[in-house]
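Data from start08.cif: mmCIF, C-alpha atoms and all ligand atoms
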```cif
data_target
loop_
_atom_site.label_atom_id
_atom_site.label_comp_id
_atom_site.auth_asym_id
_atom_site.auth_seq_id
_atom_site.Cartn_x
_atom_site.Cartn_y
_atom_site.Cartn_z
CA MET A 185 -108.13 52.89 78.41
CA TYR A 186 -111.90 52.19 78.35
CA ALA A 187 -111.43 48.91 80.14
CA LEU A 188 -109.25 50.59 82.76
CA CYS A 189 -111.81 53.31 83.42
CA GLY A 190 -114.81 51.05 83.37
CA GLY A 191 -116.26 52.77 80.28
CA ASN A 192 -116.66 56.15 82.00
CA GLN A 193 -116.10 58.43 79.03
CA LYS A 194 -116.11 61.72 81.05
CA PHE A 195 -113.16 60.39 83.02
CA VAL A 196 -111.42 58.89 80.00
CA ILE A 197 -111.13 62.20 78.11
CA PRO A 198 -109.36 64.15 80.93
CA VAL A 199 -107.02 61.19 81.53
CA TYR A 200 -106.27 61.03 77.82
CA ARG A 201 -105.59 64.80 77.71
CA TYR A 202 -103.42 64.57 80.82
CA MET A 203 -101.35 61.79 79.25
CA LEU A 204 -101.02 63.77 76.01
CA LEU A 205 -99.75 66.78 77.99
CA LEU A 206 -97.32 64.58 79.89
CA PHE A 207 -96.05 63.06 76.62
CA ARG A 208 -95.63 66.54 75.05
CA SER A 209 -93.74 67.90 78.05
CA PHE A 210 -91.48 64.80 77.98
CA LYS A 211 -90.73 65.46 74.29
CA VAL A 212 -89.96 69.14 75.02
CA LYS A 213 -87.61 68.15 77.88
CA LEU A 214 -85.85 65.55 75.72
CA ALA A 215 -85.44 68.08 72.87
CA ALA A 216 -83.90 70.57 75.31
CA ARG A 217 -81.24 67.98 76.13
CA MET A 218 -80.33 67.41 72.51
CA PRO A 219 -77.93 69.85 70.83
CA THR A 220 -79.60 72.43 68.53
CA GLU A 221 -80.86 70.19 65.76
CA MET A 222 -78.38 70.14 62.92
CA LYS A 223 -80.29 69.06 59.82
CA TRP A 224 -78.20 66.36 58.19
CA ASP A 225 -78.85 65.27 54.64
CA ALA A 226 -78.35 61.59 55.45
CA GLN A 227 -78.55 60.46 51.82
CA LYS A 228 -75.88 62.95 50.67
CA PHE A 229 -73.72 62.19 53.70
CA SER A 230 -73.94 58.46 53.01
CA SER A 231 -72.91 58.99 49.36
CA ASN A 232 -69.63 60.42 50.72
CA PHE A 233 -68.78 57.21 52.64
CA SER A 234 -66.37 55.98 49.95
CA ASN A 235 -64.31 59.18 50.35
CA ARG A 236 -63.96 58.67 54.12
CA ARG A 237 -63.71 54.89 54.20
CA GLY A 238 -60.00 54.62 53.31
CA LEU A 239 -58.98 57.19 55.91
CA ILE A 240 -60.88 55.41 58.67
CA GLU A 241 -59.55 51.98 57.63
CA ASN A 242 -55.97 53.27 57.69
CA ALA A 243 -56.46 54.80 61.14
CA LEU A 244 -57.99 51.58 62.50
CA MET A 245 -54.90 49.69 61.29
CA GLU A 246 -52.57 52.23 62.86
CA TYR A 247 -54.36 52.12 66.23
CA PRO A 248 -54.99 48.40 66.87
CA LEU A 249 -57.20 47.46 69.83
CA ASN A 250 -57.09 44.30 71.96
CA TRP A 251 -60.12 42.18 71.10
CA LYS A 252 -61.63 39.47 73.28
CA SER A 253 -64.52 37.10 72.99
CA GLY A 254 -67.99 38.66 73.45
CA ASP A 255 -66.85 42.29 73.10
CA CYS A 256 -69.73 44.74 73.19
CA ILE A 257 -69.08 47.98 71.31
CA ILE A 258 -70.66 51.41 71.01
CA ASP A 259 -70.28 53.85 68.11
CA ILE A 260 -70.86 57.47 69.18
CA GLY A 261 -72.24 59.70 66.41
CA SER A 262 -73.05 56.68 64.24
CA GLY A 263 -74.77 58.89 61.64
CA THR A 264 -75.93 56.92 58.58
CA GLY A 265 -74.53 53.69 60.09
CA ASP A 266 -72.13 53.12 57.15
CA VAL A 267 -69.06 53.01 59.41
CA THR A 268 -70.93 51.05 62.10
CA LYS A 269 -72.02 48.31 59.74
CA HIS A 270 -69.30 48.13 57.09
CA LEU A 271 -66.20 48.84 59.21
CA LEU A 272 -66.80 48.36 62.94
CA LEU A 273 -68.81 45.14 62.73
CA ASN A 274 -66.01 43.56 60.65
CA LEU A 275 -63.19 44.56 62.98
CA SER A 276 -63.25 41.35 64.96
CA PRO A 277 -65.05 37.99 64.86
CA TYR A 278 -65.43 38.30 68.66
CA ILE A 279 -67.94 41.18 68.60
CA SER A 280 -71.24 40.18 70.21
CA GLU A 281 -73.14 43.44 69.86
CA VAL A 282 -72.81 46.95 68.42
CA VAL A 283 -74.86 49.94 69.57
CA GLY A 284 -74.90 52.99 67.28
CA VAL A 285 -75.81 56.22 69.06
CA ASP A 286 -76.67 59.55 67.47
CA CYS A 287 -78.39 62.73 68.67
CA SER A 288 -80.15 63.16 65.33
CA GLN A 289 -83.46 61.33 65.08
CA ASP A 290 -83.22 61.55 61.25
CA MET A 291 -79.79 59.89 61.22
CA VAL A 292 -80.93 57.11 63.57
CA GLN A 293 -83.94 56.45 61.35
CA PHE A 294 -81.76 56.40 58.22
CA ALA A 295 -79.24 54.04 59.86
CA THR A 296 -82.00 51.72 61.09
CA GLU A 297 -83.51 51.52 57.61
CA ASN A 298 -80.26 51.32 55.61
CA SER A 299 -77.50 49.91 57.82
CA GLY A 300 -79.21 47.18 59.79
CA ASP A 301 -77.74 43.90 61.05
CA PRO A 302 -78.94 41.41 63.68
CA ARG A 303 -76.00 42.39 65.91
CA ILE A 304 -76.53 46.19 65.55
CA SER A 305 -79.08 48.43 67.26
CA TYR A 306 -79.36 52.22 66.86
CA ALA A 307 -80.57 54.70 69.48
CA VAL A 308 -81.06 58.45 69.86
CA ALA A 309 -78.94 60.02 72.64
CA ASN A 310 -76.71 63.04 73.18
CA ILE A 311 -73.36 61.83 74.49
CA ALA A 312 -72.73 65.27 76.04
CA GLU A 313 -75.87 64.96 78.19
CA LYS A 314 -75.78 62.08 80.67
CA SER A 315 -79.55 62.04 81.31
CA THR A 316 -80.16 61.02 77.67
CA LEU A 317 -78.00 57.88 78.00
CA LYS A 318 -79.88 54.66 78.76
CA PRO A 319 -79.41 53.36 82.33
CA GLU A 320 -78.59 49.89 80.96
CA TRP A 321 -75.54 51.34 79.14
CA ILE A 322 -73.75 52.21 82.40
CA SER A 323 -70.47 50.22 82.70
CA ARG A 324 -71.58 48.00 79.82
CA PHE A 325 -69.24 48.49 76.85
CA ASP A 326 -65.80 47.01 76.10
CA LYS A 327 -64.94 49.32 73.19
CA LEU A 328 -66.10 52.82 72.25
CA PHE A 329 -65.51 54.33 68.79
CA SER A 330 -66.36 57.75 67.46
CA PHE A 331 -65.66 59.05 63.94
CA TYR A 332 -66.01 62.64 62.67
CA THR A 333 -68.18 63.55 65.68
CA MET A 334 -66.20 65.06 68.58
CA HIS A 335 -65.72 68.40 66.75
CA TRP A 336 -69.53 68.79 66.80
CA ILE A 337 -69.49 68.78 70.61
CA ARG A 338 -68.99 71.82 72.85
CA ASP A 339 -68.39 70.27 76.28
CA GLN A 340 -65.57 67.82 75.66
CA VAL A 341 -64.82 67.13 79.34
CA GLN A 342 -68.43 66.24 80.21
CA THR A 343 -68.59 64.09 77.07
CA LEU A 344 -65.44 62.18 78.02
CA ARG A 345 -66.80 61.68 81.53
CA ASN A 346 -70.06 60.36 80.09
CA MET A 347 -68.07 58.03 77.85
CA ASN A 348 -66.18 56.82 80.91
CA SER A 349 -69.49 56.04 82.66
CA ILE A 350 -70.73 53.64 79.95
CA LEU A 351 -67.47 51.66 79.81
CA LYS A 352 -66.10 48.77 81.85
CA VAL A 353 -62.78 49.35 83.59
CA GLY A 354 -60.14 48.21 81.06
CA ALA A 355 -62.34 49.16 78.08
CA GLU A 356 -60.75 50.93 75.12
CA ILE A 357 -61.80 54.07 73.25
CA PHE A 358 -60.80 55.23 69.79
CA LEU A 359 -61.72 58.81 68.83
CA PHE A 360 -61.18 60.14 65.31
CA PHE A 361 -62.18 63.70 64.54
CA THR A 362 -61.28 66.91 62.75
CA ALA A 363 -58.63 69.14 64.25
CA SER A 364 -58.32 71.51 61.26
CA HIS A 365 -58.88 75.22 61.66
CA TYR A 366 -60.21 75.32 58.07
CA LYS A 367 -59.29 78.89 57.15
CA GLU A 368 -61.29 78.58 53.89
CA LEU A 369 -64.49 77.61 55.72
CA GLN A 370 -63.99 80.37 58.28
CA TYR A 371 -63.52 82.90 55.48
CA ALA A 372 -66.59 81.73 53.52
CA SER A 373 -68.66 81.60 56.70
CA THR A 374 -67.80 85.20 57.63
CA LYS A 375 -68.39 86.42 54.08
CA ILE A 376 -71.76 84.74 53.67
CA THR A 377 -73.07 86.07 56.98
CA LEU A 378 -72.28 89.62 55.75
CA ASP A 379 -73.47 89.07 52.16
CA PRO A 380 -76.48 91.38 51.46
CA GLU A 381 -78.34 88.54 49.73
CA TRP A 382 -77.82 85.97 52.49
CA LYS A 383 -77.22 87.77 55.78
CA GLU A 384 -80.91 87.76 56.77
CA TYR A 385 -80.63 83.97 57.31
CA PHE A 386 -77.65 84.29 59.63
CA MET A 387 -78.68 87.02 62.10
CA ASN A 388 -78.21 84.78 65.16
CA PHE A 389 -76.03 82.16 63.52
CA ASP A 390 -74.22 80.04 66.09
CA PRO A 391 -72.46 77.23 64.19
CA GLN A 392 -72.43 74.09 66.33
CA ILE A 393 -68.96 73.06 65.26
CA LEU A 394 -65.61 73.69 66.91
CA TYR A 395 -63.70 75.15 63.97
CA LEU A 396 -66.33 77.82 63.26
CA ASN A 397 -67.31 78.74 66.81
CA PRO A 398 -65.01 81.14 68.75
CA SER A 399 -66.94 80.68 72.05
CA TRP A 400 -66.49 76.92 71.84
CA GLN A 401 -62.80 77.39 71.06
CA ALA A 402 -62.38 79.69 74.10
CA GLU A 403 -63.79 76.90 76.30
CA ASN A 404 -61.51 74.29 74.69
CA LEU A 405 -57.98 75.61 75.10
CA TRP A 406 -56.43 72.43 73.64
CA TRP A 407 -58.04 73.39 70.29
CA SER A 408 -55.80 76.42 69.78
CA SER A 409 -52.72 74.95 71.46
CA SER A 410 -49.62 74.38 69.33
CA ASP A 411 -49.77 70.67 70.25
CA GLN A 412 -53.45 69.72 69.95
CA ALA A 413 -52.79 66.01 70.48
CA LYS A 414 -50.96 66.63 73.77
CA GLY A 415 -53.58 69.16 74.91
CA TYR A 416 -56.43 66.77 74.14
CA ALA A 417 -54.63 63.77 75.66
CA ASP A 418 -54.39 65.74 78.92
CA ILE A 419 -58.17 66.14 79.19
CA VAL A 420 -58.74 62.49 78.24
CA GLN A 421 -56.34 61.54 81.04
CA GLN A 422 -58.26 63.74 83.54
CA CYS A 423 -61.45 61.83 82.70
CA GLY A 424 -60.25 58.46 83.99
CA PHE A 425 -58.33 57.17 80.95
CA ASP A 426 -54.76 56.19 80.25
CA VAL A 427 -53.81 57.47 76.79
CA VAL A 428 -52.06 54.81 74.68
CA LYS A 429 -51.50 57.05 71.64
CA ALA A 430 -52.74 60.46 70.46
CA ASN A 431 -51.64 62.09 67.22
CA VAL A 432 -52.72 64.64 64.64
CA HIS A 433 -52.58 63.23 61.07
CA PRO A 434 -52.61 65.38 57.93
CA VAL A 435 -54.91 63.68 55.40
CA CYS A 436 -56.08 64.53 51.92
CA THR A 437 -59.29 63.56 50.12
CA GLN A 438 -59.63 63.87 46.34
CA TYR A 439 -63.12 64.93 45.29
CA GLY A 440 -62.27 65.03 41.59
CA SER A 441 -64.66 67.80 40.58
CA GLU A 442 -66.06 70.99 42.06
CA GLU A 443 -69.59 69.67 41.62
CA ARG A 444 -68.78 66.59 43.68
CA LEU A 445 -67.20 68.63 46.48
CA LYS A 446 -70.16 71.03 46.46
CA GLU A 447 -72.53 68.08 46.76
CA VAL A 448 -70.54 66.63 49.68
CA LEU A 449 -70.30 69.96 51.51
CA SER A 450 -74.01 70.64 51.14
CA GLY A 451 -74.61 67.38 53.05
CA TRP A 452 -73.11 68.73 56.27
CA ILE A 453 -72.13 72.42 56.46
CA PRO A 454 -74.08 73.92 59.40
CA HIS A 455 -75.26 76.91 57.29
CA MET A 456 -77.59 74.80 55.17
CA ALA A 457 -80.16 74.42 57.96
CA SER A 458 -80.76 78.20 58.02
CA VAL A 459 -81.52 78.51 54.29
CA PRO A 460 -85.00 77.79 52.85
CA LYS A 461 -85.19 74.63 50.75
CA GLU A 462 -85.82 76.40 47.43
CA LYS A 463 -82.73 78.59 47.91
CA LYS A 464 -80.26 75.92 49.03
CA ALA A 465 -78.72 75.34 45.58
CA SER A 466 -78.05 79.02 44.86
CA PHE A 467 -76.80 79.49 48.44
CA MET A 468 -74.30 76.67 47.93
CA ASN A 469 -73.06 78.24 44.68
CA ARG A 470 -72.36 81.54 46.46
CA PHE A 471 -70.79 79.85 49.47
CA PHE A 472 -68.60 77.80 47.16
CA GLN A 473 -67.42 80.96 45.36
CA TYR A 474 -66.25 82.32 48.70
CA LEU A 475 -64.50 79.03 49.46
CA LYS A 476 -62.64 79.25 46.16
CA GLU A 477 -61.74 82.89 46.81
CA ALA A 478 -60.07 81.61 50.00
CA GLY A 479 -58.09 79.03 48.04
CA LEU A 480 -60.18 75.86 48.39
CA GLN A 481 -59.32 73.08 45.96
CA THR A 482 -61.03 69.80 45.10
CA GLU A 483 -58.14 68.13 46.91
CA TRP A 484 -59.47 68.63 50.46
CA LYS A 485 -56.74 68.85 53.11
CA ASN A 486 -57.66 68.04 56.67
CA LEU A 487 -56.08 67.34 60.05
CA ILE A 488 -57.45 64.36 61.96
CA LEU A 489 -56.91 63.92 65.68
CA CYS A 490 -56.82 60.23 66.67
CA VAL A 491 -56.85 59.13 70.31
CA HIS A 492 -56.57 55.58 71.65
CA ALA A 493 -57.07 55.30 75.41
CA ILE A 494 -57.99 52.77 78.11
CA LYS A 495 -60.39 53.38 80.99
CA ILE A 496 -58.43 52.97 84.20
CA SER A 497 -60.82 54.43 86.77
CA GLU A 498 -64.39 55.58 87.36
CA VAL A 499 -65.03 59.32 87.53
CA SER A 500 -67.79 60.58 89.79
C1 LIG B 1 -70.12 63.87 60.52
S1 LIG B 1 -71.29 62.74 61.15
C2 LIG B 1 -70.32 61.25 61.26
C3 LIG B 1 -71.13 59.99 61.15
C4 LIG B 1 -70.32 58.69 61.17
N1 LIG B 1 -69.58 58.53 62.41
C5 LIG B 1 -69.42 58.59 59.98
O1 LIG B 1 -68.19 58.76 60.14
O2 LIG B 1 -69.90 58.34 58.88
C6 LIG B 1 -71.41 63.23 62.84
C7 LIG B 1 -72.58 62.61 63.56
O3 LIG B 1 -72.45 62.89 64.94
C8 LIG B 1 -73.74 63.16 65.48
N2 LIG B 1 -73.54 63.94 66.71
C9 LIG B 1 -73.13 65.22 66.84
N3 LIG B 1 -73.11 65.58 68.14
C10 LIG B 1 -73.53 64.50 68.85
C11 LIG B 1 -73.76 64.27 70.24
N4 LIG B 1 -73.55 65.22 71.15
N5 LIG B 1 -74.21 63.04 70.62
C12 LIG B 1 -74.44 62.07 69.69
N6 LIG B 1 -74.26 62.25 68.38
C13 LIG B 1 -73.80 63.44 67.94
C14 LIG B 1 -74.43 63.91 64.35
O4 LIG B 1 -75.83 63.90 64.47
C15 LIG B 1 -73.93 63.18 63.12
O5 LIG B 1 -74.76 62.12 62.74
#
```
Once more with this new file: its structure as structure tokens, please.
Ligand SMILES: C[S@@+](CC[C@H](N)C(=O)[O-])C[C@H]1O[C@@H](n2cnc3c(N)ncnc32)[C@H](O)[C@@H]1O
Amino acid sequence: MYALCGGNQKFVIPVYRYMLLLFRSFKVKLAARMPTEMKWDAQKFSSNFSNRRGLIENALMEYPLNWKSGDCIIDIGSGTGDVTKHLLLNLSPYISEVVGVDCSQDMVQFATENSGDPRISYAVANIAEKSTLKPEWISRFDKLFSFYTMHWIRDQVQTLRNMNSILKVGAEIFLFFTASHYKELQYASTKITLDPEWKEYFMNFDPQILYLNPSWQAENLWWSSSDQAKGYADIVQQCGFDVVKANVHPVCTQYGSEERLKEVLSGWIPHMASVPKEKKASFMNRFFQYLKEAGLQTEWKNLILCVHAIKISEVS
């Protein structure tokens, strides 16, 4: 800076301030393009990988993709990077590069520190917002995967169009996400937001997740349709893909003990971000009581929507 300005300090300070302002306004704009920050507990979420691993491995076997030499893959909502590193990277010896993308800066940092590999890079981006995607990603990838992420996204059509834009024609996608209505979570969520002890934290609560958000559901008619797989396949098709297979699978995860399930849930339920740190444990106990009142068991039943599709055309 000094060298550039020939040592004129009076000039240097305004330029420095101007650049600082520019940098701050860039950060504000970028933040506006990210979804409302959901505070993930990456460590807790990662400790749950063993529970999810088997389900993902089974699905990957049931929906085989066509691999070729030099395939370049992208993992949308890569989170802690456990799936990216331990499952995706091992899917084929032909993989040349894996990019893990997540809208949470914390998750990207955790993945970079804990799930690194010379062939993997992680980046912050919101797949629902095209301007956050790197220009060099356009038409670049041969395979796109996304696990447990699509139900966190409001605008599914825009997201699928953005996915289309970063793929080569002929590239394959595999989406795996929750399609459950989760009556127990809905019940506990309603109860806690009316609970005299907790309601002050949920005055303007707008859960950023499909199964708890009626406005999101109203914009995603496939969600409430009697055939979710068919409804979702239709929108995938409209976004330039040919659907190979789309199905809803009932799955069941055994958590063994209530304490374990409580620990897992506290790693991701959207309510946690609204509660002060020192009250999180007692909040979780109350929330869990409501879940049990609604019939929740340590055997967690879920519906997973899996979609395998091929990009057949560009969408403008
Ligand atoms: C439940 S975690 C799943 C992580 C990982 N795929 C796994 O199965 O272990 C969902 C991840 O999706 C990310 N996510 C949610 N919405 C996103 C968006 N619009 N763009 C990119 N990432 C998103 C979250 O930050 C979170 O890390």
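Taking CA of Ser230 (chain A) as the reference point, CA of Lys269 (chain A) is found at 12.3 Å.
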Check which residues fall inside 7 Å of ligand LIG 1 (chain B) when counting all atoms listed in the file, and print them as a PyMOL selection string.
chain A and resi 219+222+233+260-267+285-288+291+309-312+330-334+336-337
Print the selection's residues with C-alpha atoms to a file, as a PDB file, keeping the file's coordinate frame.
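That gives us result_30.pdb:
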```pdb
ATOM      1  CA  PRO A 219     -77.930  69.850  70.830  1.00  0.00           C
ATOM      2  CA  MET A 222     -78.380  70.140  62.920  1.00  0.00           C
ATOM      3  CA  PHE A 233     -68.780  57.210  52.640  1.00  0.00           C
ATOM      4  CA  ILE A 260     -70.860  57.470  69.180  1.00  0.00           C
ATOM      5  CA  GLY A 261     -72.240  59.700  66.410  1.00  0.00           C
ATOM      6  CA  SER A 262     -73.050  56.680  64.240  1.00  0.00           C
ATOM      7  CA  GLY A 263     -74.770  58.890  61.640  1.00  0.00           C
ATOM      8  CA  THR A 264     -75.930  56.920  58.580  1.00  0.00           C
ATOM      9  CA  GLY A 265     -74.530  53.690  60.090  1.00  0.00           C
ATOM     10  CA  ASP A 266     -72.130  53.120  57.150  1.00  0.00           C
ATOM     11  CA  VAL A 267     -69.060  53.010  59.410  1.00  0.00           C
ATOM     12  CA  VAL A 285     -75.810  56.220  69.060  1.00  0.00           C
ATOM     13  CA  ASP A 286     -76.670  59.550  67.470  1.00  0.00           C
ATOM     14  CA  CYS A 287     -78.390  62.730  68.670  1.00  0.00           C
ATOM     15  CA  SER A 288     -80.150  63.160  65.330  1.00  0.00           C
ATOM     16  CA  MET A 291     -79.790  59.890  61.220  1.00  0.00           C
ATOM     17  CA  ALA A 309     -78.940  60.020  72.640  1.00  0.00           C
ATOM     18  CA  ASN A 310     -76.710  63.040  73.180  1.00  0.00           C
ATOM     19  CA  ILE A 311     -73.360  61.830  74.490  1.00  0.00           C
ATOM     20  CA  ALA A 312     -72.730  65.270  76.040  1.00  0.00           C
ATOM     21  CA  SER A 330     -66.360  57.750  67.460  1.00  0.00           C
ATOM     22  CA  PHE A 331     -65.660  59.050  63.940  1.00  0.00           C
ATOM     23  CA  TYR A 332     -66.010  62.640  62.670  1.00  0.00           C
ATOM     24  CA  THR A 333     -68.180  63.550  65.680  1.00  0.00           C
ATOM     25  CA  MET A 334     -66.200  65.060  68.580  1.00  0.00           C
ATOM     26  CA  TRP A 336     -69.530  68.790  66.800  1.00  0.00           C
ATOM     27  CA  ILE A 337     -69.490  68.780  70.610  1.00  0.00           C
TER      28      ILE A 337
END
```
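Distance-wise, CA of Ile322 (chain A) and CA of Gln293 (chain A) end up 23.8 Å apart.
Distances from A:Lys495, A:Gly424, A:Tyr366, A:Ser408 to Gly479 (chain A) were compared using all atoms listed in the file, and the smallest one belongs to A:Tyr366.
Between CA of Phe425 (chain A) and CA of Val292 (chain A) lies a distance of 28.5 Å.
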Show me, as JSON, numbers by chain, the residues that have an atom within 12 Å of Asp418 (chain A) when counting all atoms listed in the file, minus same-chain residues fewer than 2 positions from it.
{"A": [340, 341, 344, 404, 405, 406, 409, 411, 412, 413, 414, 415, 416, 420, 421, 422, 423, 424, 425, 426, 427, 428, 429, 430, 491, 493]}
Can you find the residues with an atom no farther than 9 Å from (-60.1, 73.0, 63.8), counting only C-alpha atoms, and report them as an NGL selection string?
:A and (335 or 362-367 or 393-396 or 401 or 407-408 or 487)
Counting only C-alpha atoms, the option among A:Gln342, A:Asn232, A:Ser280, A:Ser458 closest to Pro391 (chain A):
A:Ser458
Choose the residue, out of A:Val308, A:Ile240, A:Leu480, A:Ile258, that has the smallest atom-to-atom separation from Met347 (chain A); count all atoms listed in the file.
A:Ile258
As a list in words, please: the residues near region 439-451 of chain A (cut-off 10 Å, all atoms listed in the file, same-chain neighbours under 4 positions excluded).
Lys223, Trp224, Asp225, Ala226, Gln227, Lys228, Phe229, Ser230, Ser231, Asn232, Asn235, His455, Met456, Ala457, Lys464, Ala465, Phe467, Met468, Asn469, Phe471, Phe472, Lys476, Leu480, Gln481, Thr482, Glu483 and Trp484 of chain A
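Residue nearest Asn486 (chain A), chosen from A:Leu249, A:Val435, A:Leu272, A:Val459 and counting all atoms listed in the file: A:Val435.
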Neighbours of Pro277 (chain A) within 10 Å (all atoms listed in the file; same-chain residues fewer than 2 positions away dropped), as an mmCIF file with C-alpha atoms, keeping the file's coordinate frame?
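The resulting around.cif:
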```cif
data_model
loop_
_atom_site.group_PDB
_atom_site.id
_atom_site.type_symbol
_atom_site.label_atom_id
_atom_site.label_comp_id
_atom_site.auth_asym_id
_atom_site.auth_seq_id
_atom_site.Cartn_x
_atom_site.Cartn_y
_atom_site.Cartn_z
ATOM 1 C CA TRP A 251 -60.120 42.180 71.100
ATOM 2 C CA LYS A 252 -61.630 39.470 73.280
ATOM 3 C CA SER A 253 -64.520 37.100 72.990
ATOM 4 C CA GLY A 254 -67.990 38.660 73.450
ATOM 5 C CA ASP A 255 -66.850 42.290 73.100
ATOM 6 C CA LEU A 273 -68.810 45.140 62.730
ATOM 7 C CA ASN A 274 -66.010 43.560 60.650
ATOM 8 C CA LEU A 275 -63.190 44.560 62.980
ATOM 9 C CA ILE A 279 -67.940 41.180 68.600
ATOM 10 C CA SER A 280 -71.240 40.180 70.210
#
```
Please list as an mmCIF file with C-alpha atoms, in the frame of the given file every residue within 6 Å of Cys490 (chain A), counting only C-alpha atoms and excluding residues in the same chain fewer than 5 positions away.
```cif
data_model
loop_
_atom_site.group_PDB
_atom_site.id
_atom_site.type_symbol
_atom_site.label_atom_id
_atom_site.label_comp_id
_atom_site.auth_asym_id
_atom_site.auth_seq_id
_atom_site.Cartn_x
_atom_site.Cartn_y
_atom_site.Cartn_z
ATOM 1 C CA LEU A 359 -61.720 58.810 68.830
ATOM 2 C CA PHE A 360 -61.180 60.140 65.310
ATOM 3 C CA ALA A 430 -52.740 60.460 70.460
ATOM 4 C CA ASN A 431 -51.640 62.090 67.220
#
```
Please determine, counting only C-alpha atoms, which residue among A:Ala417, A:Ile494, A:Tyr385, A:Leu378 has the shortest atom-to-atom distance to Pro460 (chain A).
A:Tyr385
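Closest approach to Ser399 (chain A) among A:Tyr306, A:Arg338, A:Lys318, A:Thr268 is made by A:Arg338 (distances from all atoms listed in the file).
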Neighbours of Trp321 (chain A) within 9 Å (only C-alpha atoms; same-chain residues fewer than 6 positions away dropped), as a ChimeraX atom specification?
/A:349-351
